[in-house]
Structure formats: structure tokens, C-alpha cells
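Here is the file model.pdb (PDB, C-alpha atoms).
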ATOM      1  CA  GLN A   1      72.392  78.161  84.950
ATOM      2  CA  VAL A   2      69.096  76.833  86.259
ATOM      3  CA  GLN A   3      65.995  77.741  84.307
ATOM      4  CA  LEU A   4      62.376  76.815  84.822
ATOM      5  CA  VAL A   5      60.132  78.013  82.015
ATOM      6  CA  GLU A   6      56.366  77.818  82.342
ATOM      7  CA  SER A   7      53.898  77.882  79.488
ATOM      8  CA  GLY A   8      50.253  77.199  78.809
ATOM      9  CA  GLY A   9      48.578  80.006  80.697
ATOM     10  CA  GLY A  10      45.870  82.177  79.219
ATOM     11  CA  LEU A  11      42.267  83.252  79.403
ATOM     12  CA  VAL A  12      39.618  80.588  79.878
ATOM     13  CA  GLN A  13      35.943  80.608  80.722
ATOM     14  CA  PRO A  14      34.665  79.158  83.984
ATOM     15  CA  GLY A  15      34.385  75.398  83.680
ATOM     16  CA  GLY A  16      37.137  75.263  81.092
ATOM     17  CA  SER A  17      40.526  73.572  81.170
ATOM     18  CA  LEU A  18      44.156  74.534  80.793
ATOM     19  CA  ARG A  19      47.339  72.552  80.829
ATOM     20  CA  LEU A  20      50.418  74.245  82.215
ATOM     21  CA  SER A  21      53.878  72.957  81.415
ATOM     22  CA  CYS A  22      57.248  73.690  82.924
ATOM     23  CA  VAL A  23      60.537  72.759  81.325
ATOM     24  CA  ALA A  24      63.593  72.660  83.542
ATOM     25  CA  SER A  25      67.220  72.986  82.546
ATOM     26  CA  GLY A  26      70.448  73.178  84.490
ATOM     27  CA  ILE A  27      69.386  70.636  87.118
ATOM     28  CA  THR A  28      69.366  66.862  87.409
ATOM     29  CA  PHE A  29      65.632  66.839  86.986
ATOM     30  CA  GLU A  30      64.857  63.386  88.339
ATOM     31  CA  ARG A  31      66.429  64.296  91.681
ATOM     32  CA  TYR A  32      64.038  67.154  92.292
ATOM     33  CA  THR A  33      60.601  67.386  93.792
ATOM     34  CA  MET A  34      58.568  69.522  91.427
ATOM     35  CA  PHE A  35      55.702  71.695  92.503
ATOM     36  CA  TRP A  36      53.279  74.390  91.447
ATOM     37  CA  TYR A  37      52.384  77.455  93.445
ATOM     38  CA  ARG A  38      50.096  80.319  92.557
ATOM     39  CA  GLN A  39      49.937  83.959  93.497
ATOM     40  CA  THR A  40      46.598  85.676  93.305
ATOM     41  CA  PRO A  41      46.171  89.373  92.524
ATOM     42  CA  GLY A  42      46.994  91.632  95.432
ATOM     43  CA  ASN A  43      48.967  89.034  97.349
ATOM     44  CA  GLU A  44      52.634  89.279  98.086
ATOM     45  CA  ARG A  45      55.177  86.695  97.034
ATOM     46  CA  ASP A  46      55.247  85.232 100.555
ATOM     47  CA  ASP A  47      51.522  84.552 100.252
ATOM     48  CA  ARG A  48      51.858  82.201  97.329
ATOM     49  CA  GLU A  49      49.518  79.266  97.636
ATOM     50  CA  TRP A  50      50.924  75.812  97.161
ATOM     51  CA  VAL A  51      48.863  73.942  94.553
ATOM     52  CA  ALA A  52      50.472  70.557  93.971
ATOM     53  CA  SER A  53      53.741  68.671  94.127
ATOM     54  CA  ILE A  54      55.177  65.506  92.676
ATOM     55  CA  GLY A  55      58.125  63.789  94.248
ATOM     56  CA  ARG A  56      61.121  62.087  92.737
ATOM     57  CA  ASP A  57      59.312  58.787  93.086
ATOM     58  CA  GLY A  58      56.162  60.152  91.486
ATOM     59  CA  THR A  59      54.269  60.625  94.734
ATOM     60  CA  VAL A  60      51.593  63.264  94.168
ATOM     61  CA  ILE A  61      50.262  65.608  96.795
ATOM     62  CA  LEU A  62      47.481  68.031  95.939
ATOM     63  CA  GLY A  63      46.433  71.122  97.801
ATOM     64  CA  ASP A  64      42.837  71.538  98.827
ATOM     65  CA  SER A  65      42.133  73.870  95.929
ATOM     66  CA  ALA A  66      43.410  71.290  93.452
ATOM     67  CA  LYS A  67      41.762  68.128  94.722
ATOM     68  CA  GLY A  68      39.252  66.692  92.286
ATOM     69  CA  ARG A  69      40.090  69.188  89.547
ATOM     70  CA  PHE A  70      43.855  69.355  88.945
ATOM     71  CA  THR A  71      46.441  66.701  88.241
ATOM     72  CA  ILE A  72      50.208  66.986  88.263
ATOM     73  CA  SER A  73      52.543  64.797  86.271
ATOM     74  CA  ARG A  74      56.189  64.675  85.299
ATOM     75  CA  ASP A  75      58.216  63.341  82.408
ATOM     76  CA  ASN A  76      61.806  62.847  83.482
ATOM     77  CA  SER A  77      62.872  62.109  79.902
ATOM     78  CA  LYS A  78      61.802  65.627  78.911
ATOM     79  CA  ASN A  79      62.603  67.465  82.162
ATOM     80  CA  THR A  80      58.981  68.535  82.239
ATOM     81  CA  VAL A  81      56.269  68.859  84.849
ATOM     82  CA  ALA A  82      52.678  69.550  83.901
ATOM     83  CA  LEU A  83      49.592  70.766  85.708
ATOM     84  CA  GLN A  84      46.294  69.786  84.124
ATOM     85  CA  MET A  85      43.555  72.047  85.399
ATOM     86  CA  ASN A  86      39.912  71.183  84.793
ATOM     87  CA  ASN A  87      36.656  72.798  85.834
ATOM     88  CA  LEU A  88      38.384  76.107  86.369
ATOM     89  CA  ARG A  89      36.788  78.763  88.552
ATOM     90  CA  PRO A  90      37.254  82.529  88.674
ATOM     91  CA  GLU A  91      39.064  82.130  91.985
ATOM     92  CA  ASP A  92      41.729  80.104  90.194
ATOM     93  CA  THR A  93      42.849  83.309  88.512
ATOM     94  CA  ALA A  94      46.492  83.759  89.460
ATOM     95  CA  VAL A  95      50.051  83.664  88.271
ATOM     96  CA  TYR A  96      51.163  80.052  88.424
ATOM     97  CA  TYR A  97      54.776  79.304  89.272
ATOM     98  CA  CYS A  98      56.706  76.140  88.731
ATOM     99  CA  GLY A  99      59.298  75.191  91.305
ATOM    100  CA  ALA A 100      61.967  72.590  91.840
ATOM    101  CA  ARG A 101      63.354  71.604  95.203
ATOM    102  CA  ASP A 102      66.185  69.400  96.319
ATOM    103  CA  VAL A 103      68.698  70.973  98.684
ATOM    104  CA  THR A 104      68.033  74.257  96.922
ATOM    105  CA  ALA A 105      64.752  75.561  95.547
ATOM    106  CA  TYR A 106      64.338  77.188  92.179
ATOM    107  CA  TRP A 107      61.425  79.074  90.680
ATOM    108  CA  GLY A 108      60.185  79.930  87.253
ATOM    109  CA  GLN A 109      58.925  83.333  86.172
ATOM    110  CA  GLY A 110      55.288  82.336  86.213
ATOM    111  CA  THR A 111      52.447  82.126  83.730
ATOM    112  CA  GLN A 112      49.196  84.026  84.028
ATOM    113  CA  VAL A 113      45.924  82.133  84.246
ATOM    114  CA  THR A 114      42.728  84.139  84.029
ATOM    115  CA  VAL A 115      39.343  82.516  84.474
ATOM    116  CA  SER A 116      36.583  84.825  83.390
ATOM    117  CA  SER A 117      33.483  84.901  81.248
TER     118      SER A 117
END
What does this structure look like when you write it as C-alpha cells?
Amino acid sequence: QVQLVESGGGLVQPGGSLRLSCVASGITFERYTMFWYRQTPGNERDDREWVASIGRDGTVILGDSAKGRFTISRDNSKNTVALQMNNLRPEDTAVYYCGARDVTAYWGQGTQVTVSS
């Protein structure tokens, strides 16, 4: 059974930082491209915004909203992918989902990030 479990979300003030983590099980982790999406309030699942991805070879691609503020990293020895988010803004408020993609894509249940003063 494949499981992706996110953690690290919470409430943070504008300008603050959070580090999201996602632990995967049930997959050969190093074979998968790992990514983060987010779903903002009022949007449907199909409107999830891609945030960042990291390939099997460690190649990082960041979405426009993440450039200059977020970093993505992976630790294949721990089956973990992380999203370090700095200088957070209210518009970053969303549920953040971890995903894994090879031939098949898998999703976690999401973790809520709220940026508010």
C-alpha cells in the first residue's frame, strides 16, 4: 500500500518560514519524481497549483510562486521530500500536497498552511 504523509503545516505570520516534509512508503522512492502542489481555498482539486518538483537525479524545478523563496530537497535514504518555504505571504495560504510520479502518480492527504497576522 502506497502512502505519502505530509507534515509541518501550520499558522505562520507573513514573512515567516515553514518546512514541510513528506514521507513515502510502499514505493521504490528513488525511482520517483517527487513534487508539491497546493490547493487554495475555493479552488477545486483540478485547479491545484504546481509548486515544485525534484527528479530522480535531483533536478529541481520551481514554479513561479516558489522561485526565490522555496526550496525542495529529497533524502532517498529516508524516503523523504521536503519543501522549505521562506518569506511566506498570505497568498501562500493553501493545503499543500505531496506527490510521487513514475508510471503512476500518488498523492498525500495534504497539510494546511495558513499565512496570517
* Residue members of the PyMOL selection byres ((chain A and resi 71) around 12) in the file shown, as a ChimeraX atom specification -> /A:17-21,35-36,51-54,59-63,65-70,72-74,81-87
* Asked: Which of these, A:Cys22, A:Thr93, A:Val12, A:Lys78, has the shortest distance to Gly108 in chain A once you count all atoms listed in the file?
  -> A:Cys22
Give me the residues near Tyr37 in chain A as an mmCIF file with C-alpha atoms, in the coordinates of the input, where near means some atom within 8 Å (using all atoms listed in the file) and where sequence neighbours in that chain fewer than 4 positions away do not count.
data_model
loop_
_atom_site.group_PDB
_atom_site.id
_atom_site.type_symbol
_atom_site.label_atom_id
_atom_site.label_comp_id
_atom_site.auth_asym_id
_atom_site.auth_seq_id
_atom_site.Cartn_x
_atom_site.Cartn_y
_atom_site.Cartn_z
ATOM 1 C CA ARG A 48 51.858 82.201 97.329
ATOM 2 C CA GLU A 49 49.518 79.266 97.636
ATOM 3 C CA TRP A 50 50.924 75.812 97.161
ATOM 4 C CA VAL A 51 48.863 73.942 94.553
ATOM 5 C CA ALA A 52 50.472 70.557 93.971
ATOM 6 C CA TYR A 96 51.163 80.052 88.424
ATOM 7 C CA TYR A 97 54.776 79.304 89.272
ATOM 8 C CA CYS A 98 56.706 76.140 88.731
ATOM 9 C CA GLY A 99 59.298 75.191 91.305
#
* **Ala24 in chain A environment, 8 Å, only C-alpha atoms, sequence neighbours closer than 2 positions dropped, as a ChimeraX atom specification** => /A:2-5,22,26-27,29,79-80
* **Å distance separating CA of Val103 in chain A from CA of Ser7 in chain A, one decimal place** => 25.2 Å
* Asked: Looking at all atoms listed in the file, which of A:Glu6, A:Asp57, A:Glu91, A:Asp102 is the one that sits closest to Pro41 in chain A?
  ->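 Comparing A:Glu6, A:Asp57, A:Glu91, A:Asp102 against Pro41 in chain A, the winner is A:Glu91.
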* From A:Val23, A:Ser117, A:Met34, A:Arg101, residue lying nearest Gly8 in chain A [all atoms listed in the file] -> A:Val23
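Across the model, the gap from CA of Gly58 in chain A to CA of Thr28 in chain A is 15.4 Å.
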